[in-house]
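Asker: Dropping in work-v9.cif, with mmCIF, C-alpha atoms.
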```cif
data_coords
loop_
_atom_site.group_PDB
_atom_site.id
_atom_site.type_symbol
_atom_site.label_atom_id
_atom_site.label_comp_id
_atom_site.auth_asym_id
_atom_site.auth_seq_id
_atom_site.Cartn_x
_atom_site.Cartn_y
_atom_site.Cartn_z
ATOM 1 C CA MET A 207 -4.718 -40.673 68.901
ATOM 2 C CA THR A 208 -6.875 -43.659 69.833
ATOM 3 C CA GLU A 209 -8.486 -43.442 66.406
ATOM 4 C CA LEU A 210 -5.042 -43.644 64.808
ATOM 5 C CA VAL A 211 -4.226 -46.742 66.884
ATOM 6 C CA LYS A 212 -7.549 -48.266 65.878
ATOM 7 C CA LEU A 213 -6.828 -47.514 62.225
ATOM 8 C CA GLY A 214 -3.393 -49.130 62.580
ATOM 9 C CA GLY A 215 -4.894 -52.266 64.097
ATOM 10 C CA ASP A 216 -7.493 -52.327 61.349
ATOM 11 C CA LEU A 217 -4.746 -52.053 58.729
ATOM 12 C CA ALA A 218 -2.809 -54.951 60.282
ATOM 13 C CA SER A 219 -5.779 -57.321 60.517
ATOM 14 C CA HIS A 220 -7.232 -56.370 57.139
ATOM 15 C CA TYR A 221 -3.991 -55.806 55.183
ATOM 16 C CA ASN A 222 -4.898 -58.435 52.567
ATOM 17 C CA GLN A 223 -8.232 -56.781 51.942
ATOM 18 C CA TRP A 224 -6.635 -53.335 51.676
ATOM 19 C CA ILE A 225 -4.191 -54.606 49.053
ATOM 20 C CA THR A 226 -7.126 -56.310 47.311
ATOM 21 C CA VAL A 227 -8.968 -53.003 47.172
ATOM 22 C CA PHE A 228 -5.855 -51.258 45.852
ATOM 23 C CA LEU A 229 -5.354 -53.825 43.065
ATOM 24 C CA MET A 230 -9.040 -53.691 42.194
ATOM 25 C CA VAL A 231 -9.203 -49.914 41.798
ATOM 26 C CA SER A 232 -5.881 -49.891 39.888
ATOM 27 C CA GLY A 233 -7.460 -52.274 37.389
ATOM 28 C CA LEU A 234 -10.587 -50.124 37.261
ATOM 29 C CA TYR A 235 -8.479 -46.981 36.737
ATOM 30 C CA ILE A 236 -6.549 -48.576 33.849
ATOM 31 C CA VAL A 237 -9.765 -49.721 32.178
ATOM 32 C CA ILE A 238 -11.304 -46.224 32.373
ATOM 33 C CA ALA A 239 -8.277 -43.980 31.849
ATOM 34 C CA ARG A 240 -6.177 -45.788 29.253
ATOM 35 C CA GLY A 241 -7.227 -45.889 25.602
ATOM 36 C CA ASN A 242 -4.914 -48.712 24.563
ATOM 37 C CA MET A 243 -6.831 -51.975 24.196
ATOM 38 C CA VAL A 244 -4.022 -54.274 25.396
ATOM 39 C CA LYS A 245 -3.563 -52.079 28.463
ATOM 40 C CA LYS A 246 -7.292 -52.216 29.132
ATOM 41 C CA LEU A 247 -7.203 -56.029 29.067
ATOM 42 C CA VAL A 248 -4.236 -56.036 31.464
ATOM 43 C CA GLY A 249 -6.324 -53.799 33.738
ATOM 44 C CA LEU A 250 -9.203 -56.247 33.554
ATOM 45 C CA SER A 251 -6.953 -59.132 34.564
ATOM 46 C CA LEU A 252 -5.575 -57.050 37.469
ATOM 47 C CA PHE A 253 -9.155 -56.554 38.626
ATOM 48 C CA GLN A 254 -9.755 -60.285 38.313
ATOM 49 C CA THR A 255 -6.633 -61.244 40.241
ATOM 50 C CA SER A 256 -7.635 -58.997 43.121
ATOM 51 C CA VAL A 257 -10.783 -61.090 43.495
ATOM 52 C CA TYR A 258 -8.642 -64.253 43.756
ATOM 53 C CA LEU A 259 -6.743 -62.617 46.609
ATOM 54 C CA LEU A 260 -9.995 -61.673 48.368
ATOM 55 C CA TYR A 261 -11.361 -65.226 48.233
ATOM 56 C CA LEU A 262 -8.148 -66.953 49.293
ATOM 57 C CA SER A 263 -7.617 -64.510 52.186
ATOM 58 C CA ALA A 264 -11.079 -65.348 53.477
ATOM 59 C CA GLY A 265 -10.351 -69.098 53.375
ATOM 60 C CA LYS A 266 -7.064 -68.948 55.297
ATOM 61 C CA ILE A 267 -6.892 -69.945 58.953
ATOM 62 C CA LEU A 268 -3.823 -68.776 60.872
ATOM 63 C CA GLY A 269 -1.897 -71.871 61.990
ATOM 64 C CA GLY A 270 -3.723 -74.031 59.453
ATOM 65 C CA THR A 271 -2.206 -75.896 56.524
ATOM 66 C CA ALA A 272 -3.083 -76.745 52.929
ATOM 67 C CA PRO A 273 -6.258 -78.871 52.658
ATOM 68 C CA ILE A 274 -4.507 -82.192 51.979
ATOM 69 C CA ILE A 275 -5.478 -84.655 54.654
ATOM 70 C CA ASP A 276 -2.607 -85.969 56.745
ATOM 71 C CA PRO A 277 -2.651 -87.446 60.255
ATOM 72 C CA ALA A 278 0.006 -84.956 61.360
ATOM 73 C CA PHE A 279 -2.332 -81.962 60.974
ATOM 74 C CA THR A 280 -5.747 -81.074 62.316
ATOM 75 C CA VAL A 281 -6.388 -77.499 61.126
ATOM 76 C CA TYR A 282 -6.830 -76.964 57.387
ATOM 77 C CA SER A 283 -7.732 -73.945 55.271
ATOM 78 C CA HIS A 284 -11.161 -73.892 53.666
ATOM 79 C CA PRO A 285 -10.929 -75.885 50.386
ATOM 80 C CA LEU A 286 -13.978 -74.394 48.656
ATOM 81 C CA PRO A 287 -12.492 -70.945 47.793
ATOM 82 C CA HIS A 288 -9.492 -72.748 46.281
ATOM 83 C CA VAL A 289 -11.750 -74.748 43.962
ATOM 84 C CA LEU A 290 -13.747 -71.683 42.930
ATOM 85 C CA ILE A 291 -10.600 -69.696 42.183
ATOM 86 C CA LEU A 292 -9.055 -72.573 40.202
ATOM 87 C CA THR A 293 -12.067 -72.382 37.900
ATOM 88 C CA ALA A 294 -11.909 -68.570 37.855
ATOM 89 C CA ILE A 295 -8.223 -68.505 36.800
ATOM 90 C CA VAL A 296 -8.797 -70.814 33.846
ATOM 91 C CA VAL A 297 -11.940 -68.999 32.704
ATOM 92 C CA GLY A 298 -10.120 -65.677 33.156
ATOM 93 C CA VAL A 299 -7.290 -66.723 30.847
ATOM 94 C CA ALA A 300 -9.841 -67.987 28.293
ATOM 95 C CA THR A 301 -11.617 -64.613 28.253
ATOM 96 C CA LEU A 302 -8.261 -62.791 28.107
ATOM 97 C CA ALA A 303 -7.340 -64.876 25.065
ATOM 98 C CA VAL A 304 -10.617 -64.029 23.303
ATOM 99 C CA GLY A 305 -10.124 -60.338 24.135
ATOM 100 C CA LEU A 306 -6.589 -60.342 22.750
ATOM 101 C CA ALA A 307 -7.787 -62.102 19.588
ATOM 102 C CA LEU A 308 -10.366 -59.312 19.174
ATOM 103 C CA VAL A 309 -7.574 -56.753 19.602
ATOM 104 C CA VAL A 310 -5.538 -58.441 16.866
ATOM 105 C CA ARG A 311 -8.588 -58.404 14.605
ATOM 106 C CA ILE A 312 -9.278 -54.704 15.364
ATOM 107 C CA ASN A 313 -5.660 -53.908 14.585
ATOM 108 C CA GLU A 314 -6.053 -55.585 11.192
ATOM 109 C CA ALA A 315 -9.249 -53.682 10.410
ATOM 110 C CA TYR A 316 -8.246 -50.222 11.680
ATOM 111 C CA GLY A 317 -4.449 -50.320 11.796
ATOM 112 C CA THR A 318 -4.450 -49.131 15.418
ATOM 113 C CA ILE A 319 -5.318 -50.354 18.901
ATOM 114 C CA GLU A 320 -5.924 -46.915 20.406
ATOM 115 C CA GLU A 321 -9.545 -46.254 21.241
ATOM 116 C CA ASP A 322 -9.459 -42.543 20.234
ATOM 117 C CA ASP A 323 -8.006 -43.279 16.775
ATOM 118 C CA ILE A 324 -10.677 -45.923 16.180
ATOM 119 C CA PHE A 325 -13.484 -43.516 17.148
ATOM 120 C CA GLU A 326 -11.948 -40.862 14.897
ATOM 121 C CA GLN A 327 -11.855 -43.239 11.912
ATOM 122 C CA ASP A 328 -15.470 -44.216 12.585
ATOM 123 C CA ASP A 329 -16.559 -40.551 12.703
ATOM 124 C CA ASN A 330 -14.788 -39.693 9.448
ATOM 125 C CA ARG A 331 -16.343 -42.621 7.624
ATOM 126 C CA PRO A 332 -19.158 -41.481 5.242
ATOM 127 C CA MET B 300 5.088 -59.678 49.532
ATOM 128 C CA LEU B 301 1.715 -57.980 49.217
ATOM 129 C CA THR B 302 3.511 -54.640 49.234
ATOM 130 C CA LEU B 303 5.723 -55.879 46.379
ATOM 131 C CA ILE B 304 2.560 -56.736 44.449
ATOM 132 C CA ALA B 305 1.234 -53.222 45.037
ATOM 133 C CA VAL B 306 4.522 -51.703 43.781
ATOM 134 C CA THR B 307 4.394 -53.892 40.647
ATOM 135 C CA THR B 308 0.835 -52.715 40.073
ATOM 136 C CA ILE B 309 1.919 -49.082 40.200
ATOM 137 C CA GLY B 310 4.524 -49.982 37.573
ATOM 138 C CA ILE B 311 1.879 -51.591 35.351
ATOM 139 C CA VAL B 312 -0.311 -48.487 35.614
ATOM 140 C CA ARG B 313 2.481 -46.034 34.839
ATOM 141 C CA VAL B 314 4.690 -47.725 32.200
ATOM 142 C CA ARG B 315 3.672 -46.929 28.640
ATOM 143 C CA ASN B 316 5.806 -49.501 26.816
ATOM 144 C CA LEU B 317 3.494 -52.501 26.441
ATOM 145 C CA PHE B 318 6.399 -54.961 26.304
ATOM 146 C CA ALA B 319 7.450 -53.804 29.765
ATOM 147 C CA VAL B 320 3.817 -54.109 30.861
ATOM 148 C CA ALA B 321 3.781 -57.752 29.724
ATOM 149 C CA VAL B 322 6.950 -58.506 31.704
ATOM 150 C CA LEU B 323 5.584 -56.696 34.774
ATOM 151 C CA THR B 324 2.343 -58.664 34.476
ATOM 152 C CA SER B 325 4.349 -61.881 34.489
ATOM 153 C CA ILE B 326 6.235 -60.748 37.616
ATOM 154 C CA TYR B 327 2.906 -59.792 39.183
ATOM 155 C CA SER B 328 1.474 -63.257 38.499
ATOM 156 C CA PHE B 329 4.478 -65.007 40.043
ATOM 157 C CA LEU B 330 4.263 -62.777 43.143
ATOM 158 C CA MET B 331 0.550 -63.553 43.334
ATOM 159 C CA ALA B 332 1.327 -67.283 43.092
ATOM 160 C CA SER B 333 3.779 -66.930 46.002
ATOM 161 C CA VAL B 334 1.135 -65.147 48.075
ATOM 162 C CA MET B 335 -1.328 -67.944 47.263
ATOM 163 C CA LEU B 336 1.241 -70.473 48.488
ATOM 164 C CA VAL B 337 1.493 -68.581 51.779
ATOM 165 C CA LEU B 338 -2.314 -68.591 51.989
ATOM 166 C CA ASP B 339 -2.220 -72.458 51.847
ATOM 167 C CA ALA B 340 -3.753 -72.585 48.356
ATOM 168 C CA VAL B 341 -1.095 -74.808 46.768
ATOM 169 C CA ASP B 342 -3.217 -75.991 43.835
ATOM 170 C CA VAL B 343 -4.256 -72.445 43.008
ATOM 171 C CA ALA B 344 -0.641 -71.253 43.240
ATOM 172 C CA LEU B 345 0.459 -73.915 40.735
ATOM 173 C CA THR B 346 -2.335 -72.946 38.351
ATOM 174 C CA GLU B 347 -1.615 -69.224 38.662
ATOM 175 C CA ALA B 348 2.114 -69.756 38.038
ATOM 176 C CA SER B 349 1.539 -71.897 34.952
ATOM 177 C CA VAL B 350 -1.634 -70.379 33.487
ATOM 178 C CA GLY B 351 -1.443 -66.771 34.705
ATOM 179 C CA ALA B 352 2.295 -66.167 34.453
ATOM 180 C CA GLY B 353 2.970 -68.651 31.653
ATOM 181 C CA ILE B 354 0.125 -68.779 29.152
ATOM 182 C CA GLY B 355 -1.110 -65.261 29.960
ATOM 183 C CA THR B 356 2.302 -63.739 29.226
ATOM 184 C CA VAL B 357 2.677 -65.781 26.037
ATOM 185 C CA LEU B 358 -0.739 -64.562 24.841
ATOM 186 C CA LEU B 359 0.160 -60.942 25.664
ATOM 187 C CA LEU B 360 3.517 -61.155 23.886
ATOM 188 C CA GLY B 361 1.904 -62.817 20.883
ATOM 189 C CA THR B 362 -0.624 -59.998 20.639
ATOM 190 C CA LEU B 363 2.119 -57.386 20.930
ATOM 191 C CA TYR B 364 4.029 -59.125 18.131
ATOM 192 C CA LEU B 365 0.929 -58.866 15.915
ATOM 193 C CA THR B 366 0.067 -55.279 16.906
ATOM 194 C CA LYS B 367 2.099 -52.449 18.421
ATOM 195 C CA THR B 368 4.286 -52.249 21.495
ATOM 196 C CA GLU B 369 3.998 -48.557 22.343
ATOM 197 C CA GLU B 370 1.011 -46.962 23.998
ATOM 198 C CA ALA B 371 -0.057 -43.458 22.891
ATOM 199 C CA ARG B 372 0.204 -40.582 25.338
ATOM 200 C CA PRO B 373 -3.059 -40.056 27.199
ATOM 201 C CA VAL B 374 -5.029 -37.153 25.748
ATOM 202 C CA HIS B 375 -7.959 -37.050 28.161
ATOM 203 C CA SER B 376 -7.823 -35.680 31.666
ATOM 204 C CA VAL B 377 -7.189 -38.299 34.351
ATOM 205 C CA ALA B 378 -9.379 -36.464 36.866
ATOM 206 C CA LEU B 379 -12.614 -38.381 36.246
ATOM 207 C CA PRO B 380 -11.101 -41.921 36.238
ATOM 208 C CA LEU B 381 -9.061 -41.017 39.320
ATOM 209 C CA PHE B 382 -12.184 -39.738 41.047
ATOM 210 C CA VAL B 383 -14.124 -42.915 40.187
ATOM 211 C CA ALA B 384 -11.228 -45.121 41.355
ATOM 212 C CA VAL B 385 -10.699 -43.278 44.649
ATOM 213 C CA GLY B 386 -14.441 -43.203 45.317
ATOM 214 C CA THR B 387 -14.716 -46.942 44.695
ATOM 215 C CA ALA B 388 -11.685 -47.549 46.917
ATOM 216 C CA ALA B 389 -13.230 -45.554 49.754
ATOM 217 C CA ILE B 390 -16.496 -47.511 49.557
ATOM 218 C CA LEU B 391 -14.679 -50.866 49.342
ATOM 219 C CA ILE B 392 -12.393 -50.069 52.295
ATOM 220 C CA TRP B 393 -15.425 -49.060 54.318
ATOM 221 C CA GLY B 394 -16.929 -52.415 53.330
ATOM 222 C CA VAL B 395 -13.940 -54.643 54.107
ATOM 223 C CA SER B 396 -13.357 -53.031 57.495
ATOM 224 C CA ALA B 397 -16.530 -54.810 58.620
ATOM 225 C CA THR B 398 -15.250 -58.263 57.580
ATOM 226 C CA PRO B 399 -13.764 -60.662 60.151
ATOM 227 C CA PRO B 400 -10.017 -60.205 60.799
ATOM 228 C CA PHE B 401 -7.579 -62.141 58.597
ATOM 229 C CA GLY B 402 -6.994 -65.786 59.523
ATOM 230 C CA ALA B 403 -9.734 -66.085 62.148
ATOM 231 C CA ALA B 404 -10.894 -69.678 62.585
ATOM 232 C CA ASP B 405 -14.373 -68.676 63.758
ATOM 233 C CA SER B 406 -15.309 -66.450 60.819
ATOM 234 C CA PRO B 407 -18.591 -67.290 59.030
ATOM 235 C CA VAL B 408 -16.657 -68.345 55.918
ATOM 236 C CA GLN B 409 -15.207 -71.299 57.793
ATOM 237 C CA LEU B 410 -18.545 -72.888 58.789
ATOM 238 C CA ALA B 411 -18.613 -75.466 55.976
ATOM 239 C CA GLY B 412 -14.849 -76.076 55.809
ATOM 240 C CA PRO B 413 -14.475 -78.896 58.357
ATOM 241 C CA ASP B 414 -17.439 -80.681 56.789
ATOM 242 C CA TYR B 415 -15.653 -80.983 53.442
ATOM 243 C CA ILE B 416 -12.443 -82.053 55.184
ATOM 244 C CA GLN B 417 -14.134 -84.811 57.205
ATOM 245 C CA ARG B 418 -16.250 -86.265 54.413
ATOM 246 C CA SER B 419 -13.621 -86.207 51.661
ATOM 247 C CA ILE B 420 -11.826 -89.484 52.406
ATOM 248 C CA ALA B 421 -14.994 -91.376 53.392
ATOM 249 C CA GLU B 422 -17.002 -90.332 50.348
ATOM 250 C CA THR B 423 -14.418 -89.984 47.574
ATOM 251 C CA GLY B 424 -11.223 -91.593 48.881
ATOM 252 C CA ILE B 425 -9.101 -88.597 47.823
ATOM 253 C CA ALA B 426 -6.741 -87.076 50.387
ATOM 254 C CA ASN B 427 -6.431 -83.764 48.536
ATOM 255 C CA VAL B 428 -9.725 -82.091 49.408
ATOM 256 C CA VAL B 429 -9.408 -79.512 46.622
ATOM 257 C CA SER B 430 -9.270 -82.295 44.023
ATOM 258 C CA SER B 431 -12.199 -84.131 45.553
ATOM 259 C CA VAL B 432 -14.386 -81.014 45.559
ATOM 260 C CA LEU B 433 -13.280 -80.012 42.055
ATOM 261 C CA ALA B 434 -13.786 -83.387 40.412
ATOM 262 C CA SER B 435 -16.533 -84.874 42.542
ATOM 263 C CA TYR B 436 -18.788 -82.441 44.411
ATOM 264 C CA ARG B 437 -18.486 -79.703 41.790
ATOM 265 C CA GLY B 438 -17.925 -81.944 38.782
ATOM 266 C CA PHE B 439 -20.538 -80.216 36.656
ATOM 267 C CA ASP B 440 -18.902 -76.887 37.404
ATOM 268 C CA THR B 441 -15.615 -78.208 36.077
ATOM 269 C CA LEU B 442 -17.391 -79.593 33.015
ATOM 270 C CA GLY B 443 -18.815 -76.109 32.417
ATOM 271 C CA GLU B 444 -15.309 -74.692 32.764
ATOM 272 C CA THR B 445 -13.989 -76.965 30.023
ATOM 273 C CA VAL B 446 -16.944 -75.937 27.834
ATOM 274 C CA VAL B 447 -15.912 -72.298 28.352
ATOM 275 C CA ILE B 448 -12.336 -73.051 27.277
ATOM 276 C CA PHE B 449 -13.608 -74.956 24.225
ATOM 277 C CA THR B 450 -15.888 -72.052 23.258
ATOM 278 C CA ALA B 451 -13.035 -69.589 23.722
ATOM 279 C CA GLY B 452 -10.813 -71.692 21.476
ATOM 280 C CA ILE B 453 -13.461 -71.776 18.738
ATOM 281 C CA ALA B 454 -14.029 -68.014 19.070
ATOM 282 C CA ILE B 455 -10.311 -67.283 18.704
ATOM 283 C CA LEU B 456 -10.065 -69.563 15.661
ATOM 284 C CA MET B 457 -13.037 -67.817 14.041
ATOM 285 C CA LEU B 458 -11.591 -64.374 14.776
ATOM 286 C CA LEU B 459 -8.091 -65.051 13.524
ATOM 287 C CA LYS B 460 -8.685 -67.493 10.685
ATOM 288 C CA ARG B 461 -10.101 -65.158 8.061
ATOM 289 C CA ALA B 462 -7.170 -62.778 8.222
ATOM 290 C CA ALA B 463 -4.320 -65.240 8.638
ATOM 291 C CA PRO B 464 -2.720 -65.728 5.174
ATOM 292 C CA PRO B 465 -2.701 -62.560 3.014
ATOM 293 C CA GLY B 466 -2.873 -64.372 -0.324
ATOM 294 C CA ALA B 467 -5.208 -67.215 0.604
ATOM 295 C CA GLY B 468 -8.462 -65.777 -0.727
ATOM 296 C CA GLY B 469 -9.052 -63.382 2.195
ATOM 297 C CA LYS B 470 -12.234 -61.543 1.195
ATOM 298 C CA ASP B 471 -12.554 -59.389 4.284
#
```
In structure tokens, how does this file's structure come out?
Answerer:
Amino acid sequence: MTELVKLGGDLASHYNQWITVFLMVSGLYIVIARGNMVKKLVGLSLFQTSVYLLYLSAGKILGGTAPIIDPAFTVYSHPLPHVLILTAIVVGVATLAVGLALVVRINEAYGTIEEDDIFEQDDNRP
Amino acid sequence: MLTLIAVTTIGIVRVRNLFAVAVLTSIYSFLMASVMLVLDAVDVALTEASVGAGIGTVLLLGTLYLTKTEEARPVHSVALPLFVAVGTAAILIWGVSATPPFGAADSPVQLAGPDYIQRSIAETGIANVVSSVLASYRGFDTLGETVVIFTAGIAILMLLKRAAPPGAGGKD
């Protein structure tokens, strides 16, 4: 019983991290289990977004405010994770765009975006 | 809100129509932007809403227009991916349970935070600390970021150019 209570308290104080872990493994599962290339890229971006959540959760202080200096406030969240994640979002969309362009190109060359069909065509090629 | 995100994720995993996946991804990004707002990351929330939910969805829909919108039925067993995912989840949850509780002001992450806050106005004159770190302290990082976007743009142009017009001397 006490272990259950401890687990409940752990869930409440680490709920952000638990959701982060869930999003991360969902992305991982999509990347491994699904053969469709667009779906795989969506899985990759899910994985990426979970990392944003992890960083921003670590920077938050309860009772703090956004890191814009104002005489009315004294407690601010940590600004450095915000900067890192700003960069990560933009780079993430750039890589997603390159990946999707590759998918379009693969579709032109093979006529499909399913991994199994592409492997099959490669195997049947003399 | 975080629970809503988790539900949307389950939808993304299960739905096989890629158009629906694109819409769900957009919803997911907006929910994530709202969560970021709650976590005091206003600049990041703005970027996620415009770049993640806006440009990301446009890119996905554009790709679907050029390819196919229906995903094939899975032919392989899901046992191995599920095993890998659950195993990873177990290890990660074991790992995060050792991190400081959410929102604690005395966690090790927060050691350098007040330093940035105090020196921002004196050294750069910018009240928004995120801007001052992004453009001043980590200026080279941001320069590298723009180089990445430029490279990505060139890569996309190279990939898509040769196949664009069917009658315009496409050799490949």
Asker: Find, counting all atoms listed in the file, the residue in B:Thr368, B:Ser325, B:Ser376, B:Gln417 that gets nearest to B:Ala352.
Answerer: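 Closest to B:Ala352 of all the choices is B:Ser325.
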Asker: Please identify all polymer residues within 10 Å of A:Leu262, counting all atoms listed in the file, omitting same-chain residues fewer than 3 positions from it, and present them as number ranges by chain.
Answerer: A: 222, 257-259, 265-266, 283-288, 290-291; B: 334-335, 338-340, 343
Asker: Evaluating the PyMOL selection byres ((chain B) within 6 of (chain A)) on the displayed file yields which residues, as a list in words?
Answerer: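 Against this file, the PyMOL selection byres ((chain B) within 6 of (chain A)) returns the residues Leu338, Asp339, Val343, Pro380, Ala384, Pro400, Phe401, Gly402, Ala403, Ala404, Gly412, Ala426, Asn427, Val428, Val429, Leu433, Ile448, Ala451 and Ile455 of chain B.
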Asker: Can you translate the PyMOL selection byres ((chain B and resi 328) around 9) into the concrete residues it hits in this file, as a PyMOL selection string?
Answerer: (chain A and resi 255) or (chain B and resi 304+323-327+329-333+347-348+351-353)
Asker: Suppose you want the space between atom CA of B:Val320 and atom CA of A:Lys246; what is it in Å?
Answerer: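 Distance between the two atoms: 11.4 Å.
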Asker: Which polymer residues have any atom within 10 Å of an atom of B:Glu369, counting all atoms listed in the file, with same-chain residues fewer than 6 positions away left out, as a list of chain:residue names?
Answerer: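 Neighbouring residues, sequence-local ones excluded: A:Asn242, B:Val314, B:Arg315, B:Asn316, B:Leu317, B:Phe318, B:Ala319, B:Leu363.
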Asker: Around all listed atoms of stretch 242-246 of chain A, padded 6 Å per side, what centre and edge lengths does the axis-aligned box have in Å to one decimal, as lines of an AutoDock Vina configuration file?
Answerer:
```
center_x = -5.4
center_y = -51.5
center_z = 26.7
size_x = 15.7
size_y = 17.6
size_z = 16.9
```
Asker: Atom CA of B:Lys460 and atom CA of B:Leu365 are how many Å apart?
Answerer: 13.9 Å
Asker: Calculated over all atoms listed in the file, which of the candidates B:Leu391, B:Val337, B:Val322, B:Ala454 has the smallest distance to B:Leu301?
Answerer: B:Val337
Asker: Between atom CA of B:Thr346 and atom CA of B:Leu359, what distance in Å does the model show, to one decimal?
Answerer: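 Straight-line distance from atom CA of B:Thr346 to atom CA of B:Leu359 works out to 17.6 Å.
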Asker: How would stretch 344-360 of chain B look written as a compact mmCIF listing (two decimals), in the first residue's frame with N, CA, C and O atoms?
Answerer:
```txt
# COMPACT_ATOMS: atom_id res chain seq x y z
N ALA B 344 6.72 28.73 -27.46
CA ALA B 344 5.33 28.43 -27.82
C ALA B 344 4.96 29.09 -29.14
O ALA B 344 4.33 28.47 -30.00
N LEU B 345 5.37 30.36 -29.31
CA LEU B 345 5.10 31.06 -30.57
C LEU B 345 5.74 30.33 -31.74
O LEU B 345 5.11 30.11 -32.78
N THR B 346 7.01 29.93 -31.55
CA THR B 346 7.72 29.25 -32.64
C THR B 346 7.07 27.92 -32.96
O THR B 346 6.89 27.57 -34.13
N GLU B 347 6.70 27.16 -31.92
CA GLU B 347 6.09 25.85 -32.15
C GLU B 347 4.75 26.01 -32.88
O GLU B 347 4.45 25.25 -33.79
N ALA B 348 3.96 27.03 -32.49
CA ALA B 348 2.65 27.21 -33.13
C ALA B 348 2.82 27.59 -34.59
O ALA B 348 2.07 27.12 -35.46
N SER B 349 3.81 28.45 -34.90
CA SER B 349 3.95 28.89 -36.29
C SER B 349 4.73 27.88 -37.11
O SER B 349 4.31 27.49 -38.20
N VAL B 350 5.87 27.42 -36.60
CA VAL B 350 6.74 26.53 -37.37
C VAL B 350 6.24 25.09 -37.31
O VAL B 350 6.05 24.44 -38.33
N GLY B 351 5.99 24.59 -36.09
CA GLY B 351 5.58 23.19 -35.95
C GLY B 351 4.19 22.94 -36.52
O GLY B 351 4.00 22.09 -37.38
N ALA B 352 3.21 23.72 -36.04
CA ALA B 352 1.84 23.49 -36.48
C ALA B 352 1.57 24.08 -37.85
O ALA B 352 0.79 23.54 -38.63
N GLY B 353 2.24 25.18 -38.19
CA GLY B 353 1.99 25.82 -39.48
C GLY B 353 2.79 25.20 -40.60
O GLY B 353 2.26 24.45 -41.43
N ILE B 354 4.10 25.49 -40.61
CA ILE B 354 4.94 25.05 -41.73
C ILE B 354 5.01 23.53 -41.79
O ILE B 354 4.93 22.94 -42.86
N GLY B 355 5.12 22.87 -40.62
CA GLY B 355 5.21 21.42 -40.60
C GLY B 355 4.01 20.77 -41.26
O GLY B 355 4.15 19.85 -42.07
N THR B 356 2.80 21.27 -40.93
CA THR B 356 1.59 20.71 -41.52
C THR B 356 1.54 20.98 -43.02
O THR B 356 1.15 20.11 -43.81
N VAL B 357 1.95 22.19 -43.42
CA VAL B 357 1.94 22.51 -44.86
C VAL B 357 2.88 21.56 -45.61
O VAL B 357 2.53 21.03 -46.67
N LEU B 358 4.07 21.31 -45.04
CA LEU B 358 5.03 20.41 -45.67
C LEU B 358 4.44 19.00 -45.79
O LEU B 358 4.53 18.35 -46.83
N LEU B 359 3.81 18.53 -44.68
CA LEU B 359 3.21 17.19 -44.70
C LEU B 359 2.13 17.09 -45.77
O LEU B 359 2.10 16.14 -46.56
N LEU B 360 1.24 18.11 -45.80
CA LEU B 360 0.14 18.06 -46.77
C LEU B 360 0.68 18.13 -48.19
O LEU B 360 0.17 17.44 -49.09
```
